>>> print(open('data.csv').read())   # CSV, C-alpha atoms
chain,number,residue,atom,x,y,z
A,1,MET,CA,73.6,-50.8,78.8
A,2,ALA,CA,72.7,-54.5,79.1
A,3,HIS,CA,72.3,-55.3,75.5
A,4,GLU,CA,74.8,-58.2,75.3
A,5,TYR,CA,74.4,-60.8,72.6
A,6,GLY,CA,75.1,-63.7,75.1
A,7,ASP,CA,74.4,-64.5,78.7
A,8,LEU,CA,76.7,-65.0,81.7
A,9,ALA,CA,75.6,-68.5,82.4
A,10,GLU,CA,76.4,-69.8,78.9
A,11,LEU,CA,79.8,-68.1,78.9
A,12,LYS,CA,80.7,-69.7,82.2
A,13,GLU,CA,79.7,-73.1,80.9
A,14,ARG,CA,81.8,-72.6,77.8
A,15,LEU,CA,84.8,-71.6,79.9
A,16,GLY,CA,84.3,-74.6,82.3
A,17,ILE,CA,83.5,-72.3,85.2
A,18,GLU,CA,81.0,-73.7,87.7
A,19,ALA,CA,77.6,-71.9,87.7
A,20,ASP,CA,77.8,-71.2,91.4
A,21,ASP,CA,81.3,-69.7,91.2
A,22,THR,CA,80.6,-66.0,91.2
A,23,THR,CA,84.2,-64.8,91.8
A,24,ARG,CA,84.7,-64.0,88.1
A,25,ASP,CA,81.3,-62.7,87.2
A,26,THR,CA,82.4,-59.0,87.0
A,27,PRO,CA,85.2,-59.6,84.4
A,28,LEU,CA,83.0,-62.1,82.5
A,29,THR,CA,80.1,-59.6,82.3
A,30,SER,CA,82.6,-56.9,81.2
A,31,ALA,CA,84.0,-59.2,78.5
A,32,LEU,CA,80.4,-60.0,77.2
A,33,ALA,CA,79.6,-56.2,77.0
A,34,ALA,CA,82.9,-55.4,75.3
A,35,ALA,CA,82.5,-58.2,72.8
A,36,SER,CA,78.9,-57.1,72.0
A,37,ARG,CA,79.9,-53.5,71.5
A,38,GLY,CA,82.9,-54.5,69.5
A,39,ILE,CA,80.7,-56.4,67.1
A,40,ASP,CA,78.4,-53.4,66.8
A,41,ARG,CA,81.4,-51.2,65.8
A,42,ALA,CA,82.8,-53.7,63.4
A,43,THR,CA,79.5,-54.3,61.6
A,44,GLY,CA,78.2,-50.7,61.7
A,45,ARG,CA,74.9,-51.8,63.2
A,46,ARG,CA,73.4,-53.2,66.4
A,47,PHE,CA,71.4,-56.4,66.9
A,48,TRP,CA,69.3,-55.6,69.9
A,49,LEU,CA,65.8,-54.2,69.4
A,50,ASP,CA,64.5,-51.0,71.0
A,51,ALA,CA,62.1,-51.6,73.8
A,52,ALA,CA,59.8,-48.8,72.6
A,53,VAL,CA,59.5,-46.9,69.4
A,54,VAL,CA,61.8,-44.0,68.8
A,55,GLN,CA,62.0,-41.3,66.1
A,56,ARG,CA,64.8,-40.8,63.7
A,57,VAL,CA,65.0,-38.1,61.0
A,58,TYR,CA,66.7,-38.7,57.6
A,59,ARG,CA,67.7,-36.3,54.9
A,60,PRO,CA,66.8,-38.1,51.6
A,61,ALA,CA,69.9,-36.7,49.8
A,62,GLY,CA,72.5,-39.5,49.6
A,63,ARG,CA,70.1,-42.0,51.2
A,64,VAL,CA,67.8,-42.7,48.2
A,65,ALA,CA,68.2,-45.5,45.6
A,66,CYS,CA,66.2,-45.2,42.5
A,67,GLU,CA,64.3,-48.4,41.5
A,68,VAL,CA,62.1,-49.1,38.6
A,69,ASP,CA,58.9,-48.8,40.7
A,70,GLY,CA,60.0,-45.8,42.8
A,71,GLU,CA,62.6,-44.5,45.3
A,72,VAL,CA,63.9,-46.5,48.2
A,73,LEU,CA,65.0,-44.5,51.3
A,74,LEU,CA,67.8,-46.4,53.1
A,75,VAL,CA,67.1,-46.4,56.8
A,76,ASP,CA,68.8,-47.8,59.9
A,77,ASP,CA,67.7,-51.4,60.7
A,78,ILE,CA,64.1,-51.6,61.7
A,79,GLY,CA,63.3,-54.8,63.7
A,80,SER,CA,59.5,-54.5,64.1
A,81,ALA,CA,56.5,-53.2,62.2
A,82,THR,CA,54.8,-52.4,65.5
A,83,GLY,CA,54.4,-48.7,65.8
A,84,LEU,CA,56.0,-47.9,62.5
A,85,VAL,CA,55.1,-44.4,61.3
A,86,VAL,CA,56.7,-42.6,58.3
A,87,GLU,CA,56.3,-38.8,57.8
A,88,THR,CA,57.8,-36.2,55.5
A,89,GLY,CA,58.3,-32.5,56.3
A,90,SER,CA,60.6,-30.5,58.5
A,91,GLY,CA,60.6,-28.5,61.8
A,92,ALA,CA,57.1,-28.7,63.4
A,93,SER,CA,55.3,-29.6,60.1
A,94,TRP,CA,55.0,-33.3,59.3
A,95,THR,CA,52.7,-35.2,57.0
A,96,ALA,CA,52.1,-39.0,57.3
A,97,VAL,CA,53.2,-41.0,54.4
A,98,THR,CA,51.1,-43.9,53.0
A,99,GLY,CA,51.8,-46.0,50.0
A,100,TYR,CA,55.3,-47.1,51.0
A,101,GLU,CA,56.6,-50.7,51.2
A,102,SER,CA,59.3,-52.1,53.4
A,103,GLN,CA,62.4,-53.5,51.8
A,104,PRO,CA,63.7,-56.2,51.4
A,105,ASP,CA,60.5,-58.1,50.8
A,106,ASN,CA,59.5,-60.4,53.8
A,107,ALA,CA,62.5,-59.2,55.8
A,108,LEU,CA,60.8,-59.3,59.2
A,109,ALA,CA,59.2,-62.7,58.4
A,110,ASP,CA,62.6,-64.0,57.6
A,111,GLY,CA,64.1,-62.7,60.9
A,112,GLU,CA,66.0,-59.9,59.3
A,113,PRO,CA,65.5,-56.1,59.6
A,114,VAL,CA,63.8,-53.7,57.2
A,115,THR,CA,66.6,-51.6,55.7
A,116,GLY,CA,64.7,-49.5,53.1
A,117,LEU,CA,61.3,-47.9,52.5
A,118,LEU,CA,60.1,-48.0,48.9
A,119,ARG,CA,57.9,-45.0,47.9
A,120,VAL,CA,55.9,-46.8,45.2
A,121,ASN,CA,55.9,-44.7,42.0
A,122,GLY,CA,57.0,-41.7,44.1
A,123,VAL,CA,59.9,-39.7,45.5
A,124,TRP,CA,61.0,-39.1,49.1
A,125,GLY,CA,61.3,-35.3,49.1
A,126,ILE,CA,62.9,-32.4,47.4
A,127,GLY,CA,65.1,-29.6,48.8
A,128,THR,CA,64.9,-29.2,52.6
A,129,SER,CA,62.3,-31.9,53.1
A,130,ARG,CA,63.2,-34.6,55.7
A,131,VAL,CA,61.7,-38.0,56.4
A,132,ARG,CA,60.9,-38.9,60.0
A,133,VAL,CA,60.6,-42.6,60.9
A,134,THR,CA,59.1,-43.7,64.2
A,135,ALA,CA,59.9,-47.4,64.8
A,136,LYS,CA,61.6,-50.0,66.9
A,137,PHE,CA,65.1,-50.0,65.5
A,138,GLY,CA,67.5,-52.9,65.6
A,139,TRP,CA,67.0,-56.6,64.7
A,140,PRO,CA,63.9,-58.7,65.4
A,141,ALA,CA,66.2,-61.1,67.3
A,142,VAL,CA,69.9,-61.6,67.7
A,143,PRO,CA,71.2,-63.8,64.9
A,144,ASP,CA,72.8,-67.1,66.0
A,145,ASP,CA,76.1,-66.2,64.3
A,146,ILE,CA,76.3,-62.9,66.2
A,147,SER,CA,75.7,-64.8,69.6
A,148,GLU,CA,78.4,-67.3,68.7
A,149,ALA,CA,80.8,-64.6,67.7
A,150,THR,CA,80.1,-62.8,71.0
A,151,TYR,CA,80.9,-65.9,73.1
A,152,ILE,CA,84.1,-66.5,71.2
A,153,GLN,CA,85.3,-62.9,71.5
A,154,ALA,CA,84.2,-62.6,75.2
A,155,SER,CA,86.2,-65.8,76.0
A,156,ARG,CA,89.2,-64.3,74.2
A,157,LEU,CA,88.8,-61.0,76.1
A,158,PHE,CA,88.4,-62.8,79.4
A,159,LYS,CA,91.6,-64.9,78.8
A,160,ARG,CA,93.5,-61.8,77.7
A,161,LYS,CA,94.6,-61.3,81.3
A,162,ASP,CA,96.8,-64.4,80.8
A,163,SER,CA,98.6,-62.8,77.9
A,164,PRO,CA,99.2,-59.1,78.9
A,165,GLU,CA,101.7,-58.4,76.1
A,166,GLY,CA,99.7,-60.2,73.4
A,167,ILE,CA,101.8,-63.3,73.7
A,168,ILE,CA,100.5,-66.8,74.6
A,169,GLY,CA,102.4,-69.9,75.2
A,170,SER,CA,102.0,-73.6,75.7
A,171,ALA,CA,104.2,-76.6,76.1
A,172,GLU,CA,102.8,-78.1,73.0
A,173,TRP,CA,103.0,-75.1,70.6
A,174,GLY,CA,105.6,-72.8,72.2
A,175,VAL,CA,105.2,-69.1,72.4
A,176,ARG,CA,103.3,-67.1,69.7
A,177,ASN,CA,101.6,-63.7,69.3
A,178,LEU,CA,97.9,-63.4,69.4
A,179,SER,CA,96.4,-62.5,66.0
A,180,ARG,CA,94.8,-59.1,65.7
A,181,ARG,CA,91.4,-60.6,64.7
A,182,ASP,CA,90.0,-63.9,65.6
A,183,PRO,CA,89.3,-65.6,62.2
A,184,ASP,CA,86.3,-67.4,63.5
A,185,VAL,CA,84.7,-64.3,64.9
A,186,TRP,CA,85.4,-62.5,61.7
A,187,ALA,CA,83.9,-65.3,59.6
A,188,LEU,CA,80.7,-65.2,61.7
A,189,ILE,CA,80.2,-61.4,61.6
A,190,GLU,CA,81.4,-60.7,58.0
A,191,PRO,CA,78.0,-61.3,56.3
A,192,PHE,CA,76.4,-58.7,58.6
A,193,ILE,CA,78.9,-55.9,58.0
A,194,LEU,CA,77.4,-52.8,56.4
A,195,PRO,CA,79.2,-51.4,53.3
A,196,GLY,CA,81.9,-49.0,54.5
A,197,PHE,CA,82.6,-50.7,57.8
A,198,GLY,CA,85.0,-53.5,58.9
>>> encode(input="data.csv", output="structure tokens")
Amino acid sequence: MAHEYGDLAELKERLGIEADDTTRDTPLTSALAAASRGIDRATGRRFWLDAAVVQRVYRPAGRVACEVDGEVLLVDDIGSATGLVVETGSGASWTAVTGYESQPDNALADGEPVTGLLRVNGVWGIGTSRVRVTAKFGWPAVPDDISEATYIQASRLFKRKDSPEGIIGSAEWGVRNLSRRDPDVWALIEPFILPGFG
């Protein structure tokens, strides 16, 4: 899949592994991938941006929030305005929508994704109508906190081979069980968790 939130060279440096030592590249790469996908699952979103626009269809029922100035359709994270097209309809009949605004205001300028589309003084559809959104989904760029959490979790996963039963030991601290969640990873990803996940 190759959408990791960190790179192999940085992980090796953090673990004190020489850059030209390739003997552990396979498990390190696997740990980076597993840490990245684990963060996706824990937060309920992904932080990499589609390379090209894709289409997603939404049923407005249950995805619309009523605001004073219209209805906001809650959408998956949109990380770029390039190629953004919004249409309503169903089947083979779609009509382009104009007069909508992205929410939250200035999200892309602030390095955050668009998560809602406000239909100014309007509604998103009635009955069997759907909304089709063509966009680059994901985040504009991987947040620093997510990259840091990935490195911490990937390091933990890589070192897990040294504690196969979930028990680690040292002469200084003695033997103890590994915690289920790394508190630092959790603190870094918690602000990004969508409601209903985590």
>>> residues_around(input="data.csv", residues="A:Gly89", least_positions_apart="5", cutoff="6 Å", atoms="only C-alpha atoms", output="list of chain:residue names")
A:Trp94, A:Ser129, A:Arg130
>>> residues_around(input="data.csv", residues="A:Phe47", least_positions_apart="6", cutoff="6 Å", atoms="only C-alpha atoms", output="VMD selection string")
chain A and resid 138 to 139 142
>>> residues_around(input="data.csv", residues="A:Ala42", least_positions_apart="5", cutoff="12 Å", atoms="all atoms listed in the file", output="MDAnalysis selection string")
chainID A and resid 35:37 146 149 181 185:186 188:198
>>> residues_around(input="data.csv", residues="stretch 2-5 of chain A", least_positions_apart="6", cutoff="10 Å", atoms="all atoms listed in the file", output="number ranges by chain")
A: 29-37, 39, 46-50, 141-144, 146-151
>>> closest_residue(input="data.csv", among="A:Gly6, A:Pro183, A:Pro140, A:Gly83", to="A:Ala109", atoms="all atoms listed in the file")
A:Pro140
>>> residues_around(input="data.csv", residues="stretch 75-80 of chain A", least_positions_apart="3", cutoff="8 Å", atoms="all atoms listed in the file", output="mmCIF file with C-alpha atoms, keeping the file's coordinate frame")
data_model
loop_
_atom_site.group_PDB
_atom_site.id
_atom_site.type_symbol
_atom_site.label_atom_id
_atom_site.label_comp_id
_atom_site.auth_asym_id
_atom_site.auth_seq_id
_atom_site.Cartn_x
_atom_site.Cartn_y
_atom_site.Cartn_z
ATOM 1 C CA ARG A 45 74.900 -51.800 63.200
ATOM 2 C CA LEU A 49 65.800 -54.200 69.400
ATOM 3 C CA TYR A 58 66.700 -38.700 57.600
ATOM 4 C CA ARG A 63 70.100 -42.000 51.200
ATOM 5 C CA GLY A 83 54.400 -48.700 65.800
ATOM 6 C CA LEU A 84 56.000 -47.900 62.500
ATOM 7 C CA LEU A 108 60.800 -59.300 59.200
ATOM 8 C CA GLU A 112 66.000 -59.900 59.300
ATOM 9 C CA PRO A 113 65.500 -56.100 59.600
ATOM 10 C CA VAL A 114 63.800 -53.700 57.200
ATOM 11 C CA THR A 115 66.600 -51.600 55.700
ATOM 12 C CA GLY A 116 64.700 -49.500 53.100
ATOM 13 C CA LEU A 117 61.300 -47.900 52.500
ATOM 14 C CA ALA A 135 59.900 -47.400 64.800
ATOM 15 C CA LYS A 136 61.600 -50.000 66.900
ATOM 16 C CA PHE A 137 65.100 -50.000 65.500
ATOM 17 C CA GLY A 138 67.500 -52.900 65.600
ATOM 18 C CA TRP A 139 67.000 -56.600 64.700
ATOM 19 C CA PRO A 140 63.900 -58.700 65.400
ATOM 20 C CA ALA A 141 66.200 -61.100 67.300
#
>>> atom_distance(input="data.csv", atom1="atom CA of A:Gly70", atom2="atom CA of A:Val53")
26.6 Å
>>> atom_distance(input="data.csv", atom1="atom CA of A:Arg41", atom2="atom CA of A:Val85")
27.5 Å
>>> closest_residue(input="data.csv", among="A:Glu18, A:Asp69, A:Asp145, A:Asp110", to="A:Val123", atoms="all atoms listed in the file")
A:Asp69
>>> atom_distance(input="data.csv", atom1="atom CA of A:Ala92", atom2="atom CA of A:Arg56")
14.3 Å
>>> decode(input="data.csv", residues="stretch 94-126 of chain A", atoms="N, CA and C atoms", output="short mmCIF file (atom, residue, chain, number, x, y, z; two decimals), in the first residue's frame")
data_model
loop_
_atom_site.label_atom_id
_atom_site.label_comp_id
_atom_site.auth_asym_id
_atom_site.auth_seq_id
_atom_site.Cartn_x
_atom_site.Cartn_y
_atom_site.Cartn_z
N TRP A 94 -27.20 12.79 -12.70
CA TRP A 94 -26.54 13.63 -11.70
C TRP A 94 -26.54 15.09 -12.16
N THR A 95 -26.72 15.99 -11.21
CA THR A 95 -26.73 17.42 -11.50
C THR A 95 -25.69 18.11 -10.63
N ALA A 96 -24.84 18.92 -11.27
CA ALA A 96 -23.80 19.63 -10.53
C ALA A 96 -24.41 20.60 -9.53
N VAL A 97 -23.77 20.69 -8.37
CA VAL A 97 -24.22 21.59 -7.30
C VAL A 97 -23.28 22.78 -7.25
N THR A 98 -23.85 23.96 -7.20
CA THR A 98 -23.07 25.17 -6.97
C THR A 98 -23.65 25.83 -5.72
N GLY A 99 -22.98 26.82 -5.22
CA GLY A 99 -23.51 27.52 -4.05
C GLY A 99 -23.31 26.76 -2.76
N TYR A 100 -22.28 25.93 -2.69
CA TYR A 100 -21.95 25.26 -1.43
C TYR A 100 -20.62 25.83 -0.93
N GLU A 101 -20.38 25.67 0.35
CA GLU A 101 -19.12 26.12 0.96
C GLU A 101 -18.52 24.97 1.74
N SER A 102 -17.21 24.91 1.74
CA SER A 102 -16.54 23.85 2.51
C SER A 102 -16.45 24.25 3.98
N GLN A 103 -16.51 23.24 4.83
CA GLN A 103 -16.46 23.44 6.28
C GLN A 103 -15.39 22.53 6.87
N PRO A 104 -14.71 22.88 7.91
CA PRO A 104 -14.74 24.19 8.55
C PRO A 104 -14.08 25.25 7.68
N ASP A 105 -14.40 26.50 7.98
CA ASP A 105 -13.82 27.61 7.23
C ASP A 105 -12.29 27.54 7.28
N ASN A 106 -11.66 27.78 6.14
CA ASN A 106 -10.19 27.85 6.02
C ASN A 106 -9.47 26.56 6.39
N ALA A 107 -10.17 25.44 6.36
CA ALA A 107 -9.56 24.17 6.77
C ALA A 107 -8.30 23.86 5.96
N LEU A 108 -8.39 23.88 4.64
CA LEU A 108 -7.24 23.54 3.81
C LEU A 108 -6.09 24.52 4.01
N ALA A 109 -6.39 25.79 4.18
CA ALA A 109 -5.35 26.79 4.43
C ALA A 109 -4.64 26.54 5.75
N ASP A 110 -5.35 25.93 6.70
CA ASP A 110 -4.78 25.62 8.01
C ASP A 110 -4.16 24.22 8.07
N GLY A 111 -4.09 23.52 6.92
CA GLY A 111 -3.49 22.19 6.88
C GLY A 111 -4.40 21.10 7.40
N GLU A 112 -5.70 21.36 7.46
CA GLU A 112 -6.67 20.38 7.93
C GLU A 112 -7.63 20.04 6.79
N PRO A 113 -8.33 18.92 6.89
CA PRO A 113 -9.22 18.55 5.80
C PRO A 113 -10.59 19.22 5.88
N VAL A 114 -11.24 19.27 4.74
CA VAL A 114 -12.65 19.66 4.68
C VAL A 114 -13.45 18.46 5.17
N THR A 115 -14.37 18.68 6.09
CA THR A 115 -15.17 17.57 6.63
C THR A 115 -16.67 17.75 6.41
N GLY A 116 -17.04 18.90 5.85
CA GLY A 116 -18.46 19.16 5.60
C GLY A 116 -18.65 20.11 4.43
N LEU A 117 -19.81 19.97 3.79
CA LEU A 117 -20.17 20.86 2.69
C LEU A 117 -21.48 21.54 3.06
N LEU A 118 -21.43 22.87 3.18
CA LEU A 118 -22.59 23.66 3.56
C LEU A 118 -23.36 24.07 2.32
N ARG A 119 -24.62 23.67 2.24
CA ARG A 119 -25.52 24.10 1.16
C ARG A 119 -26.17 25.38 1.66
N VAL A 120 -25.65 26.52 1.22
CA VAL A 120 -26.09 27.81 1.74
C VAL A 120 -27.58 28.01 1.44
N ASN A 121 -28.33 28.22 2.53
CA ASN A 121 -29.79 28.43 2.44
C ASN A 121 -30.49 27.33 1.64
N GLY A 122 -29.99 26.12 1.74
CA GLY A 122 -30.60 25.03 0.99
C GLY A 122 -30.49 23.70 1.72
N VAL A 123 -30.97 22.65 1.05
CA VAL A 123 -30.95 21.29 1.60
C VAL A 123 -30.20 20.39 0.64
N TRP A 124 -29.77 19.23 1.13
CA TRP A 124 -28.97 18.32 0.33
C TRP A 124 -29.76 17.27 -0.42
N GLY A 125 -31.02 17.15 -0.21
CA GLY A 125 -31.78 16.16 -0.96
C GLY A 125 -32.91 15.60 -0.14
N ILE A 126 -33.87 15.09 -0.85
CA ILE A 126 -35.06 14.54 -0.21
C ILE A 126 -35.29 13.14 -0.78
#
